[in-house]
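J.: For reference, this is start.txt, and it has compact mmCIF, C-alpha atoms.
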# COMPACT_ATOMS: atom_id res chain seq x y z
CA ASN A 1 83.65 108.76 339.08
CA TRP A 2 84.86 111.94 340.74
CA ASP A 3 87.91 113.56 339.18
CA ILE A 4 90.26 116.42 339.99
CA TYR A 5 90.40 119.59 337.90
CA VAL A 6 92.60 122.69 337.95
CA MET A 7 91.51 126.15 336.88
CA PRO A 8 93.07 129.64 336.95
CA VAL A 9 92.56 131.66 340.14
CA GLY A 10 90.57 134.24 338.16
CA GLY A 11 88.22 131.60 336.80
CA MET A 12 87.75 130.13 333.36
CA ARG A 13 88.03 132.30 330.30
CA ASP A 14 84.91 133.52 328.47
CA ASP A 15 85.43 130.86 325.82
CA GLY A 16 85.40 128.15 328.51
CA SER A 17 89.11 127.41 328.26
CA GLY A 18 91.50 127.24 331.20
CA LEU A 19 89.98 124.21 332.93
CA VAL A 20 92.36 121.23 333.09
CA ARG A 21 91.18 117.72 333.93
CA VAL A 22 94.00 116.22 336.02
CA THR A 23 92.58 112.73 336.67
CA LYS A 24 90.58 110.48 334.32
CA ASP A 25 90.76 107.10 336.04
CA LYS A 26 87.68 105.15 337.12
CA GLY A 27 87.14 105.59 340.82
CA ILE A 28 86.79 108.46 343.25
CA ASP A 29 89.62 111.05 343.36
CA LEU A 30 89.38 113.43 346.34
CA ARG A 31 91.15 115.97 348.56
CA PRO A 32 93.78 117.44 346.24
CA ARG A 33 96.80 119.20 347.77
CA TRP A 34 99.45 121.12 345.86
CA LEU A 35 102.97 119.76 346.14
CA SER A 36 104.27 122.44 343.81
CA ASN A 37 102.93 124.36 340.82
CA GLU A 38 103.62 121.22 338.80
CA LYS A 39 102.28 118.38 340.98
CA LEU A 40 99.21 117.51 343.03
CA ALA A 41 98.68 114.83 345.65
CA PHE A 42 95.21 113.37 346.17
CA THR A 43 93.42 110.35 347.57
CA SER A 44 91.75 107.77 345.33
CA ASN A 45 90.03 104.39 345.60
CA ARG A 46 90.99 103.38 342.04
CA ASN A 47 91.57 99.63 341.77
CA ARG A 48 90.29 99.21 345.36
CA GLY A 49 87.06 98.93 347.34
CA LEU A 50 84.59 101.74 347.88
CA MET A 51 86.09 102.91 351.20
CA GLU A 52 89.72 101.91 350.58
CA PHE A 53 91.74 104.96 349.48
CA ASP A 54 95.44 105.51 348.74
CA VAL A 55 97.53 108.66 348.30
CA TYR A 56 98.72 109.46 344.75
CA LEU A 57 100.90 112.07 343.03
CA LYS A 58 100.12 113.38 339.55
CA ASN A 59 101.30 116.17 337.23
CA ALA A 60 98.95 119.13 337.65
CA ASP A 61 98.63 119.53 333.87
CA GLY A 62 97.11 116.04 333.65
CA THR A 63 100.04 114.45 331.83
CA GLY A 64 101.72 111.23 332.92
CA ASP A 65 100.48 108.47 335.18
CA ALA A 66 99.40 108.89 338.79
CA ILE A 67 102.03 107.47 341.15
CA ARG A 68 100.74 105.67 344.25
CA ILE A 69 102.55 106.74 347.44
CA THR A 70 100.80 104.57 350.05
CA ASP A 71 100.93 100.80 349.86
CA GLY A 72 97.34 99.68 349.41
CA VAL A 73 96.86 98.73 353.06
CA GLU A 74 93.43 99.77 354.36
CA ASN A 75 92.08 103.34 354.01
CA ASN A 76 94.57 106.22 353.63
CA THR A 77 93.17 109.74 353.47
CA TYR A 78 93.34 113.37 354.76
CA LEU A 79 96.87 114.19 353.68
CA SER A 80 99.24 117.07 354.45
CA PHE A 81 102.69 117.86 353.02
CA SER A 82 105.67 118.70 355.18
CA PRO A 83 106.95 122.27 354.55
CA PHE A 84 109.98 120.73 352.80
CA ASP A 85 107.75 118.72 350.42
CA ASP A 86 109.64 115.53 351.29
CA ARG A 87 107.02 113.70 353.39
CA ILE A 88 103.25 113.32 353.58
CA ALA A 89 101.28 112.94 356.81
CA PHE A 90 97.98 111.10 356.37
CA THR A 91 95.18 109.40 358.28
CA SER A 92 94.91 105.61 358.05
CA ASP A 93 93.07 102.75 359.71
CA ARG A 94 95.84 100.28 358.82
CA GLY A 95 96.24 99.41 362.50
CA GLY A 96 93.06 97.34 362.33
CA ARG A 97 91.60 98.97 365.45
CA PHE A 98 87.82 99.27 365.97
CA GLU A 99 85.53 100.79 368.56
CA GLU A 100 82.39 98.80 369.28
CA ASN A 101 79.21 100.09 370.88
CA ARG A 102 77.27 97.29 372.53
CA ALA A 103 73.78 97.01 373.95
CA ASN A 104 71.60 94.33 375.48
CA ARG A 105 68.93 92.86 373.20
CA VAL A 106 66.36 90.13 373.72
CA ILE A 107 67.14 87.30 371.30
CA GLN A 108 65.02 84.15 371.39
CA GLY A 109 63.77 85.03 374.85
CA ARG A 110 67.23 85.69 376.32
CA ILE A 111 69.08 88.91 376.96
CA LYS A 112 72.30 89.01 374.98
CA GLU A 113 74.91 91.70 374.52
CA VAL A 114 75.30 92.52 370.82
CA VAL A 115 77.38 94.95 368.77
CA ILE A 116 75.09 97.74 367.52
CA ASN A 117 77.77 99.96 365.99
CA LYS A 118 81.36 99.36 364.95
CA LYS A 119 83.66 102.11 363.67
CA ARG A 120 87.22 102.10 362.45
CA LEU A 121 89.83 103.90 364.51
CA TYR A 122 92.48 105.92 362.69
CA ASP A 123 96.09 106.90 363.33
CA ILE A 124 98.34 109.54 361.81
CA PHE A 125 101.20 108.21 359.70
CA SER A 126 103.90 109.88 357.65
CA VAL A 127 105.80 108.53 354.66
CA GLY A 128 108.36 109.78 352.14
CA LEU A 129 107.21 110.74 348.64
CA ASP A 130 108.87 107.54 347.42
CA GLY A 131 106.62 105.47 349.70
CA GLU A 132 109.51 104.62 352.05
CA GLY A 133 110.02 105.33 355.75
CA LEU A 134 106.47 104.80 357.05
CA LEU A 135 106.02 106.11 360.63
CA ASN A 136 103.03 105.77 362.97
CA LEU A 137 103.02 109.13 364.76
CA THR A 138 100.06 108.59 367.11
CA GLY A 139 100.80 105.13 368.47
CA GLY A 140 97.41 103.45 368.28
CA ILE A 141 95.67 105.47 371.00
CA GLY A 142 92.26 107.03 370.33
CA ASN A 143 90.79 108.06 366.99
CA ASN A 144 93.27 110.41 365.25
CA ARG A 145 92.51 112.48 362.12
CA PHE A 146 93.24 115.62 360.08
CA PRO A 147 97.04 115.98 360.28
CA PHE A 148 98.91 119.14 359.37
CA TRP A 149 102.58 120.15 359.71
CA SER A 150 104.09 123.06 361.59
CA GLY A 151 105.98 125.58 359.47
CA SER A 152 109.30 124.27 360.77
CA GLY A 153 108.44 120.67 359.91
CA LYS A 154 109.30 119.61 363.48
CA GLU A 155 105.73 118.97 364.64
CA VAL A 156 102.58 117.41 363.23
CA TYR A 157 99.25 118.62 364.63
CA PHE A 158 96.07 116.52 364.54
CA THR A 159 92.69 116.00 366.16
CA SER A 160 92.11 113.08 368.51
CA ASP A 161 89.58 111.80 371.04
CA ARG A 162 92.25 109.99 373.06
CA ASP A 163 91.08 111.73 376.27
CA GLY A 164 87.40 111.05 375.60
CA GLU A 165 86.49 114.10 373.47
CA ASP A 166 87.97 115.58 370.32
CA ALA A 167 90.81 118.05 370.89
CA LEU A 168 93.88 119.39 369.09
CA TYR A 169 97.22 117.63 369.73
CA SER A 170 100.81 117.80 368.51
CA VAL A 171 103.55 115.21 368.15
CA SER A 172 107.15 115.33 366.98
CA ALA A 173 107.39 114.66 363.24
CA ASP A 174 109.92 111.89 363.86
CA GLY A 175 107.36 110.01 365.98
CA LYS A 176 109.51 110.28 369.11
CA GLY A 177 108.50 112.08 372.25
CA GLU A 178 105.12 112.51 373.87
CA VAL A 179 101.84 113.59 372.30
CA LYS A 180 100.79 117.00 373.71
CA LYS A 181 97.29 118.43 374.00
CA ILE A 182 97.16 121.93 372.49
CA PHE A 183 93.48 122.89 372.60
CA ASP A 184 90.27 121.45 374.08
CA GLY A 185 87.20 121.38 371.86
CA LEU A 186 86.03 119.95 368.58
CA ILE A 187 88.42 120.82 365.74
CA TYR A 188 87.61 119.78 362.18
CA SER A 189 90.30 119.86 359.48
CA PRO A 190 92.61 122.48 361.08
CA ALA A 191 95.40 124.31 359.26
CA CYS A 192 98.64 125.88 360.38
CA SER A 193 100.39 129.13 359.45
CA PRO A 194 103.64 128.42 357.55
CA LEU A 195 105.32 130.79 360.02
CA LEU A 196 104.48 128.58 363.04
CA VAL A 197 107.60 126.84 364.29
Go through the file and emit its structure as structure tokens.
T.:
Amino acid sequence: NWDIYVMPVGGMRDDGSGLVRVTKDKGIDLRPRWLSNEKLAFTSNRNRGLMEFDVYLKNADGTGDAIRITDGVENNTYLSFSPFDDRIAFTSDRGGRFEENRANRVIQGRIKEVVINKKRLYDIFSVGLDGEGLLNLTGGIGNNRFPFWSGSGKEVYFTSDRDGEDALYSVSADGKGEVKKIFDGLIYSPACSPLLV
């Protein structure tokens, strides 16, 4: 039962005060992101399976109910706010795509090809804070993760193995236009300067 807490930048006070428990629900609450000084977004598997997360919004002071943004379809995680705080980009396997690794095995005296490993493939989606206007930005090609917005809000950057190895890519935030490779090499959870247009 992991929860999200907020504390002052300078740390807790000597008397132990200053720490605020934001979430108290059963389930795992992860990856908080500030929407403003008053609200946090986070991912949680509350009311779902172990590896089935949704994106929620909650008052940063812990008051009020958490509001679910994503629609309970598959696993929704790794979120990033647009610079205008009107949309969230997130990673999801809602497309139902899998990558299977197969190998030959001897079964009852015969060689058969079997699946030895199966992993979910993810895409980058964006949605309004009201849960409306869902867009698939990466189009079901490769394994796509870790989205973040450009400072102008015109582009979303992400990592993908669509060309065989992980690299950094960009796509128009409206989902139109071509995906562009920006940098070759493994990138994990990148971030963007708010000044980048």
J.: Could you tell me how far atom CA of A:Asn59 sits from atom CA of A:Gly16, in Å to one decimal place?
T.: 21.7 Å
J.: With only C-alpha atoms counted and 12 Å as the cut-off, give the residues of stretch 61-119 of chain A in contact with stretch 37-56 of chain A, each with its shortest interatomic distance in Å and the pair that gives it, as a Markdown table.
T.:
| residue | atom | partner | partner_atom | distance |
| --- | --- | --- | --- | --- |
| A:Asp61 | CA | A:Glu38 | CA | 7.2 |
| A:Gly62 | CA | A:Lys39 | CA | 9.3 |
| A:Thr63 | CA | A:Lys39 | CA | 10.2 |
| A:Gly64 | CA | A:Lys39 | CA | 10.8 |
| A:Asp65 | CA | A:Tyr56 | CA | 9.8 |
| A:Ala66 | CA | A:Tyr56 | CA | 6.0 |
| A:Ile67 | CA | A:Tyr56 | CA | 5.3 |
| A:Arg68 | CA | A:Tyr56 | CA | 4.3 |
| A:Ile69 | CA | A:Tyr56 | CA | 5.4 |
| A:Thr70 | CA | A:Val55 | CA | 5.5 |
| A:Asp71 | CA | A:Asp54 | CA | 7.3 |
| A:Gly72 | CA | A:Asp54 | CA | 6.2 |
| A:Val73 | CA | A:Asp54 | CA | 8.2 |
| A:Glu74 | CA | A:Glu52 | CA | 5.7 |
| A:Asn75 | CA | A:Glu52 | CA | 4.4 |
| A:Asn76 | CA | A:Asp54 | CA | 5.0 |
| A:Thr77 | CA | A:Thr43 | CA | 5.9 |
| A:Tyr78 | CA | A:Thr43 | CA | 7.8 |
| A:Leu79 | CA | A:Phe42 | CA | 7.7 |
| A:Ser80 | CA | A:Ala41 | CA | 9.1 |
| A:Phe81 | CA | A:Ala41 | CA | 8.9 |
| A:Asp85 | CA | A:Lys39 | CA | 10.9 |
| A:Arg87 | CA | A:Ala41 | CA | 11.4 |
| A:Ile88 | CA | A:Val55 | CA | 9.1 |
| A:Ala89 | CA | A:Val55 | CA | 10.2 |
| A:Phe90 | CA | A:Val55 | CA | 8.4 |
| A:Thr91 | CA | A:Val55 | CA | 10.3 |
| A:Ser92 | CA | A:Phe53 | CA | 9.2 |
| A:Asp93 | CA | A:Glu52 | CA | 9.8 |
| A:Arg94 | CA | A:Glu52 | CA | 10.4 |
J.: Excluding A:Phe148 and any residue of its chain fewer than 5 positions from it, enumerate the residues within 12 Å of it, using all atoms listed in the file, and give them as a ChimeraX atom specification.
T.: /A:33,78-83,87-91,124-126,153-159,168-173,188-194,196
J.: Box for stretch 122-126 of chain A: with edges along x, y and z, all listed atoms inside and 5 Å added on each side, what are the centre and edge lengths in Å to one decimal, as JSON?
T.:
{"center_x": 98.2, "center_y": 107.9, "center_z": 360.5, "size_x": 21.4, "size_y": 14.0, "size_z": 15.7}
J.: If you measure from atom CA of A:Leu30 to atom CA of A:Phe146, what distance in Å do you get, rounded to one decimal?
T.: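 Separation between atom CA of A:Leu30 and atom CA of A:Phe146: 14.4 Å.
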J.: What does the distance from atom CA of A:Thr138 to atom CA of A:Val179 come to in Å, to one decimal?
T.: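 About the pair atom CA of A:Thr138 and atom CA of A:Val179: they are 7.4 Å apart.
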J.: Using all atoms listed in the file, determine which residues lie at most 9 Å from A:Asp3, disregarding the query and same-chain residues fewer than 4 positions distant; provide the list as a VMD selection string.
T.: chain A and resid 21 to 30
J.: Complete stretch 114-125 of chain A with all heavy atoms (output as a PDB file, in the coordinates of the input).
T.:
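Listing of result_4.pdb after writing:
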ATOM      1  N   VAL A 114      74.966  92.566 372.235  1.00  0.00           N
ATOM      2  CA  VAL A 114      75.300  92.520 370.820  1.00  0.00           C
ATOM      3  C   VAL A 114      75.969  93.834 370.406  1.00  0.00           C
ATOM      4  O   VAL A 114      75.804  94.869 371.058  1.00  0.00           O
ATOM      5  CB  VAL A 114      74.032  92.295 369.949  1.00  0.00           C
ATOM      6  CG1 VAL A 114      73.403  90.951 370.237  1.00  0.00           C
ATOM      7  CG2 VAL A 114      73.031  93.420 370.148  1.00  0.00           C
ATOM      8  N   VAL A 115      76.734  93.763 369.331  1.00  0.00           N
ATOM      9  CA  VAL A 115      77.380  94.950 368.770  1.00  0.00           C
ATOM     10  C   VAL A 115      76.338  95.696 367.938  1.00  0.00           C
ATOM     11  O   VAL A 115      75.745  95.135 367.016  1.00  0.00           O
ATOM     12  CB  VAL A 115      78.589  94.567 367.891  1.00  0.00           C
ATOM     13  CG1 VAL A 115      79.160  95.805 367.205  1.00  0.00           C
ATOM     14  CG2 VAL A 115      79.645  93.865 368.727  1.00  0.00           C
ATOM     15  N   ILE A 116      76.068  96.956 368.287  1.00  0.00           N
ATOM     16  CA  ILE A 116      75.090  97.740 367.520  1.00  0.00           C
ATOM     17  C   ILE A 116      75.764  98.749 366.600  1.00  0.00           C
ATOM     18  O   ILE A 116      75.132  99.295 365.707  1.00  0.00           O
ATOM     19  CB  ILE A 116      74.103  98.468 368.461  1.00  0.00           C
ATOM     20  CG1 ILE A 116      74.839  99.399 369.414  1.00  0.00           C
ATOM     21  CG2 ILE A 116      73.240  97.473 369.200  1.00  0.00           C
ATOM     22  CD1 ILE A 116      73.929 100.313 370.201  1.00  0.00           C
ATOM     23  N   ASN A 117      77.037  99.002 366.823  1.00  0.00           N
ATOM     24  CA  ASN A 117      77.770  99.960 365.990  1.00  0.00           C
ATOM     25  C   ASN A 117      79.250  99.635 366.094  1.00  0.00           C
ATOM     26  O   ASN A 117      79.760  99.390 367.186  1.00  0.00           O
ATOM     27  CB  ASN A 117      77.493 101.393 366.466  1.00  0.00           C
ATOM     28  CG  ASN A 117      78.100 102.429 365.545  1.00  0.00           C
ATOM     29  OD1 ASN A 117      78.867 102.098 364.656  1.00  0.00           O
ATOM     30  ND2 ASN A 117      77.745 103.673 365.759  1.00  0.00           N
ATOM     31  N   LYS A 118      79.930  99.645 364.962  1.00  0.00           N
ATOM     32  CA  LYS A 118      81.360  99.360 364.950  1.00  0.00           C
ATOM     33  C   LYS A 118      82.022 100.364 364.018  1.00  0.00           C
ATOM     34  O   LYS A 118      81.639 100.475 362.864  1.00  0.00           O
ATOM     35  CB  LYS A 118      81.603  97.930 364.460  1.00  0.00           C
ATOM     36  CG  LYS A 118      83.035  97.467 364.510  1.00  0.00           C
ATOM     37  CD  LYS A 118      83.108  95.996 364.100  1.00  0.00           C
ATOM     38  CE  LYS A 118      84.525  95.482 364.140  1.00  0.00           C
ATOM     39  NZ  LYS A 118      84.620  94.060 363.766  1.00  0.00           N
ATOM     40  N   LYS A 119      82.987 101.137 364.538  1.00  0.00           N
ATOM     41  CA  LYS A 119      83.660 102.110 363.670  1.00  0.00           C
ATOM     42  C   LYS A 119      85.161 101.898 363.689  1.00  0.00           C
ATOM     43  O   LYS A 119      85.733 101.457 364.688  1.00  0.00           O
ATOM     44  CB  LYS A 119      83.312 103.544 364.081  1.00  0.00           C
ATOM     45  CG  LYS A 119      83.969 104.029 365.340  1.00  0.00           C
ATOM     46  CD  LYS A 119      83.662 105.507 365.570  1.00  0.00           C
ATOM     47  CE  LYS A 119      84.370 106.011 366.826  1.00  0.00           C
ATOM     48  NZ  LYS A 119      84.117 107.426 367.068  1.00  0.00           N
ATOM     49  N   ARG A 120      85.773 102.205 362.563  1.00  0.00           N
ATOM     50  CA  ARG A 120      87.220 102.100 362.450  1.00  0.00           C
ATOM     51  C   ARG A 120      87.881 103.206 363.255  1.00  0.00           C
ATOM     52  O   ARG A 120      87.384 104.323 363.321  1.00  0.00           O
ATOM     53  CB  ARG A 120      87.639 102.268 360.986  1.00  0.00           C
ATOM     54  CG  ARG A 120      87.114 101.228 360.051  1.00  0.00           C
ATOM     55  CD  ARG A 120      87.504 101.571 358.637  1.00  0.00           C
ATOM     56  NE  ARG A 120      87.048 100.556 357.710  1.00  0.00           N
ATOM     57  CZ  ARG A 120      87.430 100.491 356.450  1.00  0.00           C
ATOM     58  NH1 ARG A 120      88.243 101.384 355.959  1.00  0.00           N
ATOM     59  NH2 ARG A 120      86.992  99.539 355.665  1.00  0.00           N
ATOM     60  N   LEU A 121      89.028 102.903 363.821  1.00  0.00           N
ATOM     61  CA  LEU A 121      89.830 103.900 364.510  1.00  0.00           C
ATOM     62  C   LEU A 121      91.071 104.198 363.667  1.00  0.00           C
ATOM     63  O   LEU A 121      91.690 103.283 363.118  1.00  0.00           O
ATOM     64  CB  LEU A 121      90.230 103.408 365.896  1.00  0.00           C
ATOM     65  CG  LEU A 121      89.075 103.201 366.870  1.00  0.00           C
ATOM     66  CD1 LEU A 121      89.583 102.635 368.188  1.00  0.00           C
ATOM     67  CD2 LEU A 121      88.326 104.502 367.106  1.00  0.00           C
ATOM     68  N   TYR A 122      91.409 105.466 363.580  1.00  0.00           N
ATOM     69  CA  TYR A 122      92.480 105.920 362.690  1.00  0.00           C
ATOM     70  C   TYR A 122      93.690 106.408 363.468  1.00  0.00           C
ATOM     71  O   TYR A 122      93.578 106.872 364.602  1.00  0.00           O
ATOM     72  CB  TYR A 122      91.966 107.044 361.795  1.00  0.00           C
ATOM     73  CG  TYR A 122      90.978 106.577 360.755  1.00  0.00           C
ATOM     74  CD1 TYR A 122      89.636 106.419 361.065  1.00  0.00           C
ATOM     75  CD2 TYR A 122      91.401 106.275 359.470  1.00  0.00           C
ATOM     76  CE1 TYR A 122      88.736 105.984 360.109  1.00  0.00           C
ATOM     77  CE2 TYR A 122      90.500 105.838 358.515  1.00  0.00           C
ATOM     78  CZ  TYR A 122      89.171 105.695 358.840  1.00  0.00           C
ATOM     79  OH  TYR A 122      88.281 105.249 357.903  1.00  0.00           O
ATOM     80  N   ASP A 123      94.847 106.320 362.833  1.00  0.00           N
ATOM     81  CA  ASP A 123      96.090 106.900 363.330  1.00  0.00           C
ATOM     82  C   ASP A 123      96.669 107.823 362.286  1.00  0.00           C
ATOM     83  O   ASP A 123      96.303 107.768 361.101  1.00  0.00           O
ATOM     84  CB  ASP A 123      97.102 105.798 363.678  1.00  0.00           C
ATOM     85  CG  ASP A 123      96.798 105.147 365.016  1.00  0.00           C
ATOM     86  OD1 ASP A 123      96.792 105.876 366.022  1.00  0.00           O
ATOM     87  OD2 ASP A 123      96.585 103.923 365.056  1.00  0.00           O
ATOM     88  N   ILE A 124      97.623 108.660 362.720  1.00  0.00           N
ATOM     89  CA  ILE A 124      98.340 109.540 361.810  1.00  0.00           C
ATOM     90  C   ILE A 124      99.678 108.890 361.483  1.00  0.00           C
ATOM     91  O   ILE A 124     100.441 108.519 362.383  1.00  0.00           O
ATOM     92  CB  ILE A 124      98.584 110.936 362.432  1.00  0.00           C
ATOM     93  CG1 ILE A 124      97.266 111.543 362.933  1.00  0.00           C
ATOM     94  CG2 ILE A 124      99.300 111.844 361.437  1.00  0.00           C
ATOM     95  CD1 ILE A 124      96.223 111.767 361.874  1.00  0.00           C
ATOM     96  N   PHE A 125      99.942 108.751 360.190  1.00  0.00           N
ATOM     97  CA  PHE A 125     101.200 108.210 359.700  1.00  0.00           C
ATOM     98  C   PHE A 125     101.893 109.255 358.847  1.00  0.00           C
ATOM     99  O   PHE A 125     101.263 110.183 358.347  1.00  0.00           O
ATOM    100  CB  PHE A 125     100.949 106.958 358.833  1.00  0.00           C
ATOM    101  CG  PHE A 125     100.448 105.772 359.597  1.00  0.00           C
ATOM    102  CD1 PHE A 125      99.111 105.658 359.928  1.00  0.00           C
ATOM    103  CD2 PHE A 125     101.309 104.760 359.979  1.00  0.00           C
ATOM    104  CE1 PHE A 125      98.630 104.563 360.641  1.00  0.00           C
ATOM    105  CE2 PHE A 125     100.848 103.660 360.676  1.00  0.00           C
ATOM    106  CZ  PHE A 125      99.506 103.559 361.007  1.00  0.00           C
TER     107      PHE A 125
END
